[in-house]
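Heads up, model-v8.txt below (compact mmCIF, C-alpha atoms):
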```txt
# COMPACT_ATOMS: atom_id res chain seq x y z
CA MET A 142 25.10 -10.11 -24.90
CA LEU A 143 22.62 -12.46 -23.27
CA GLU A 144 23.41 -15.43 -25.51
CA GLU A 145 27.20 -15.08 -25.34
CA PRO A 146 27.98 -13.11 -22.17
CA GLU A 147 31.67 -14.10 -22.06
CA ARG A 148 32.23 -12.75 -25.55
CA TRP A 149 31.02 -9.30 -24.47
CA ALA A 150 32.26 -9.30 -20.87
CA HIS A 151 35.11 -6.87 -21.64
CA LEU A 152 32.55 -4.23 -22.69
CA LEU A 153 30.43 -4.37 -19.52
CA PRO A 154 32.40 -1.72 -17.56
CA ARG A 155 32.26 0.67 -20.54
CA ILE A 156 28.51 0.12 -20.95
CA GLN A 157 28.01 0.80 -17.25
CA TRP A 158 30.14 3.94 -17.35
CA ILE A 159 28.33 5.37 -20.36
CA GLY A 160 24.86 4.23 -19.29
CA TYR A 161 25.03 5.42 -15.71
CA GLY A 162 26.99 8.52 -16.67
CA ALA A 163 24.33 9.68 -19.11
CA GLY A 164 21.24 7.94 -17.75
CA LEU A 165 21.29 8.80 -14.04
CA PRO A 166 21.77 12.58 -14.43
CA SER A 167 19.13 12.60 -17.16
CA ALA A 168 16.69 10.65 -14.98
CA ALA A 169 17.33 13.02 -12.06
CA PHE A 170 16.80 16.04 -14.32
CA PHE A 171 13.59 14.53 -15.66
CA ALA A 172 12.32 13.77 -12.13
CA TRP A 173 13.13 17.32 -11.04
CA LYS A 174 11.50 19.02 -14.04
CA SER A 175 8.53 16.70 -14.53
CA VAL A 176 6.50 18.50 -11.86
CA ASN A 177 6.40 21.60 -14.07
CA GLU A 178 4.61 22.08 -17.36
CA ASP A 179 7.05 24.32 -19.14
CA ALA A 180 9.39 24.07 -22.12
CA LEU A 181 12.24 22.78 -19.96
CA ALA A 182 10.04 19.92 -18.76
CA LEU A 183 9.55 18.93 -22.40
CA VAL A 184 13.32 19.03 -22.96
CA ALA A 185 13.80 16.84 -19.87
CA LEU A 186 11.24 14.37 -21.20
CA ALA A 187 12.91 14.19 -24.61
CA GLN A 188 16.36 13.80 -23.05
CA ASN A 189 15.08 11.07 -20.74
CA GLN A 190 13.55 9.20 -23.69
CA VAL A 191 16.94 9.10 -25.39
CA THR A 192 19.07 8.27 -22.35
CA SER A 193 16.74 5.75 -20.72
CA LEU A 194 17.96 3.13 -23.20
CA LEU A 195 21.54 3.80 -22.06
CA LEU A 196 20.46 3.45 -18.44
CA ALA A 197 18.67 0.18 -19.21
CA ALA A 198 21.85 -1.11 -20.86
CA ALA A 199 23.83 -0.17 -17.75
CA TYR A 200 21.35 -2.05 -15.57
CA LEU A 201 21.70 -5.09 -17.82
CA ALA A 202 25.51 -4.85 -17.77
CA THR A 203 25.43 -4.65 -13.98
CA LEU A 204 23.19 -7.69 -13.74
CA LEU A 205 25.44 -9.64 -16.11
CA SER A 206 28.50 -8.63 -14.07
CA LEU A 207 26.82 -9.76 -10.86
CA MET A 208 25.84 -13.08 -12.43
CA ARG A 209 29.43 -13.66 -13.55
CA ARG A 210 30.64 -13.15 -9.99
CA ARG A 211 27.73 -14.95 -8.33
CA PRO A 212 26.23 -17.61 -10.64
CA ALA A 213 23.57 -18.41 -8.02
CA ILE A 214 21.84 -15.13 -8.94
CA ALA A 215 21.14 -16.51 -12.42
CA GLY A 216 19.64 -19.65 -10.88
CA LEU A 217 17.44 -17.54 -8.63
CA LEU A 218 16.11 -15.45 -11.52
CA ALA A 219 15.82 -18.24 -14.12
CA PRO A 220 12.32 -19.49 -13.14
CA ALA A 221 10.88 -16.00 -13.58
CA GLY A 222 12.53 -15.81 -16.99
CA ARG A 223 11.08 -19.14 -18.03
CA MET A 224 7.63 -17.86 -17.05
CA ALA A 225 8.03 -14.29 -18.32
CA ALA A 226 4.50 -13.95 -19.74
CA SER A 227 2.89 -15.45 -16.63
CA ASN A 228 4.91 -13.12 -14.42
CA TYR A 229 4.01 -10.12 -16.56
CA ILE A 230 0.32 -10.91 -16.20
CA GLY A 231 0.77 -11.76 -12.52
CA GLN A 232 2.51 -8.44 -11.82
CA SER A 233 -0.22 -6.55 -13.63
CA VAL A 234 -2.98 -8.30 -11.68
CA LEU A 235 -1.27 -7.86 -8.32
CA ILE A 236 -0.46 -4.20 -8.98
CA CYS A 237 -4.10 -3.60 -9.92
CA LEU A 238 -5.26 -5.31 -6.75
CA VAL A 239 -2.95 -3.19 -4.62
CA PHE A 240 -3.37 0.21 -6.27
CA THR A 241 -6.82 0.39 -7.89
CA GLY A 242 -10.31 0.51 -6.47
CA TYR A 243 -10.76 -3.18 -7.30
CA GLY A 244 -8.41 -3.90 -4.42
CA LEU A 245 -6.73 -1.82 -1.74
CA ALA A 246 -6.95 1.50 -3.66
CA LEU A 247 -3.49 2.62 -2.54
CA ALA A 248 -2.77 4.74 -5.63
CA GLY A 249 -1.62 8.18 -4.53
CA ARG A 250 -1.54 7.15 -0.87
CA LEU A 251 1.97 5.70 -0.71
CA SER A 252 5.31 7.46 -0.96
CA PRO A 253 7.49 6.64 -3.97
CA LEU A 254 9.76 4.58 -1.70
CA ALA A 255 6.78 2.59 -0.43
CA VAL A 256 5.62 1.98 -4.01
CA MET A 257 9.08 0.59 -4.82
CA GLY A 258 8.79 -1.61 -1.73
CA VAL A 259 5.43 -2.95 -2.90
CA ALA A 260 6.93 -3.66 -6.33
CA ALA A 261 9.88 -5.49 -4.74
CA VAL A 262 7.57 -7.60 -2.58
CA ILE A 263 5.39 -8.49 -5.57
CA TYR A 264 8.48 -9.44 -7.58
CA ALA A 265 9.80 -11.58 -4.72
CA ILE A 266 6.45 -13.34 -4.36
CA LEU A 267 6.38 -14.09 -8.08
CA LEU A 268 9.97 -15.38 -7.98
CA VAL A 269 9.00 -17.85 -5.26
CA LEU A 270 5.78 -18.84 -7.05
CA SER A 271 7.64 -19.31 -10.35
CA ALA A 272 10.20 -21.66 -8.77
CA TRP A 273 7.40 -23.58 -7.03
CA TRP A 274 5.32 -23.90 -10.21
CA LEU A 275 8.23 -25.07 -12.35
CA ARG A 276 9.02 -27.91 -9.95
CA SER A 277 5.98 -29.75 -11.29
CA HIS A 278 5.27 -28.09 -14.66
CA ARG A 279 7.31 -27.56 -17.77
CA TYR A 280 5.85 -24.14 -18.62
CA GLY A 281 4.03 -21.35 -16.86
CA PRO A 282 0.24 -21.20 -17.13
CA VAL A 283 0.22 -18.36 -19.66
CA GLU A 284 3.07 -19.93 -21.63
CA TYR A 285 1.17 -23.20 -21.71
CA GLY A 286 -1.90 -21.45 -23.11
CA LEU A 287 0.17 -19.58 -25.69
CA ARG A 288 1.83 -22.82 -26.82
CA ARG A 289 -1.57 -24.48 -27.21
CA LEU A 290 -2.84 -21.52 -29.19
CA THR A 291 0.19 -21.26 -31.49
CA HIS A 292 0.54 -25.01 -32.06
CA TRP A 293 -3.23 -25.64 -32.27
CA THR A 294 -2.95 -28.64 -29.93
```

Could you spell out this file's structure in structure tokens?
Amino acid sequence: MLEEPERWAHLLPRIQWIGYGAGLPSAAFFAWKSVNEDALALVALAQNQVTSLLLAAAYLATLLSLMRRRPAIAGLLAPAGRMAASNYIGQSVLICLVFTGYGLALAGRLSPLAVMGVAAVIYAILLVLSAWWLRSHRYGPVEYGLRRLTHWT
């Protein structure tokens, strides 16, 4: 779907319908039951494990639909994709600095909505940094190191 999006475009609404239809209720059920430690919580966990893939597919189909309508979105996200390993490490480091005792120690102190806000800000920062970095470099710093390691150069 990512390599040939036009070929699969006719399936995107169906993927969204199935993915959101099964994934969102399952995620809500899991969130509701995960505070308990009973048999139904285990059922909710198992159900969520199965349907989370459908929900992820719906998210992907939505993103692909948005990029078809607004190609600028793809251009905005492309630098982060070209530096996926660097961004993965960068997100991990920044999240650790915000939430653990090595940094601000905000774990357990923020509401779930605030945590999502922190994640969005970190992602936005890394999007800007990725675009800036790629203006003068061909690869991200982690990607560069991985290329050197795998090519022995």

### Message
At a cut-off of 10 Å, using all atoms listed in the file, what residues contact range 200-213 of chain A? Leave out same-chain residues fewer than 6 positions from it and give the result as a PyMOL selection string.
### Response
chain A and resi 142-143+146-147+149-150+152-158+160-161+194+219

### Query
Which distance in Å separates CA of Ala272 in chain A and CA of Pro220 in chain A, to one decimal?
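According to the coordinates, CA of Ala272 in chain A and CA of Pro220 in chain A are separated by 5.3 Å.
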
### Message
To one decimal place in Å, what is the distance between CA of Val262 in chain A and CA of Gly164 in chain A?
### Response
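Separating CA of Val262 in chain A from CA of Gly164 in chain A is a distance of 25.7 Å.
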
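You will find CA of Leu267 in chain A at 6.6 Å from CA of Asn228 in chain A.
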
### Message
Here is a test: counting only C-alpha atoms, which residue of A:Ala197, A:Ala261, A:Val184, A:Ala172 is nearest to Ile159 in chain A?
### Response
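Of A:Ala197, A:Ala261, A:Val184, A:Ala172, the one nearest Ile159 in chain A, counting only C-alpha atoms, is A:Ala197.
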
### Message
Using only C-alpha atoms for the distances, tell me which of A:Ile230, A:Ile236, A:Ala225, A:Leu275 is nearest to Met257 in chain A.
### Response
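Ranked by minimum distance to Met257 in chain A, first place goes to A:Ile236.
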
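Using only C-alpha atoms, the smallest distance between any of A:Tyr264, A:Tyr243, A:Tyr285, A:Phe171 and Leu218 in chain A comes from A:Tyr264.
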
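Using all atoms listed in the file, the nearest neighbour of Ala199 in chain A within the list A:Leu165, A:Ala221, A:Leu238, A:Ala182 is A:Leu165.
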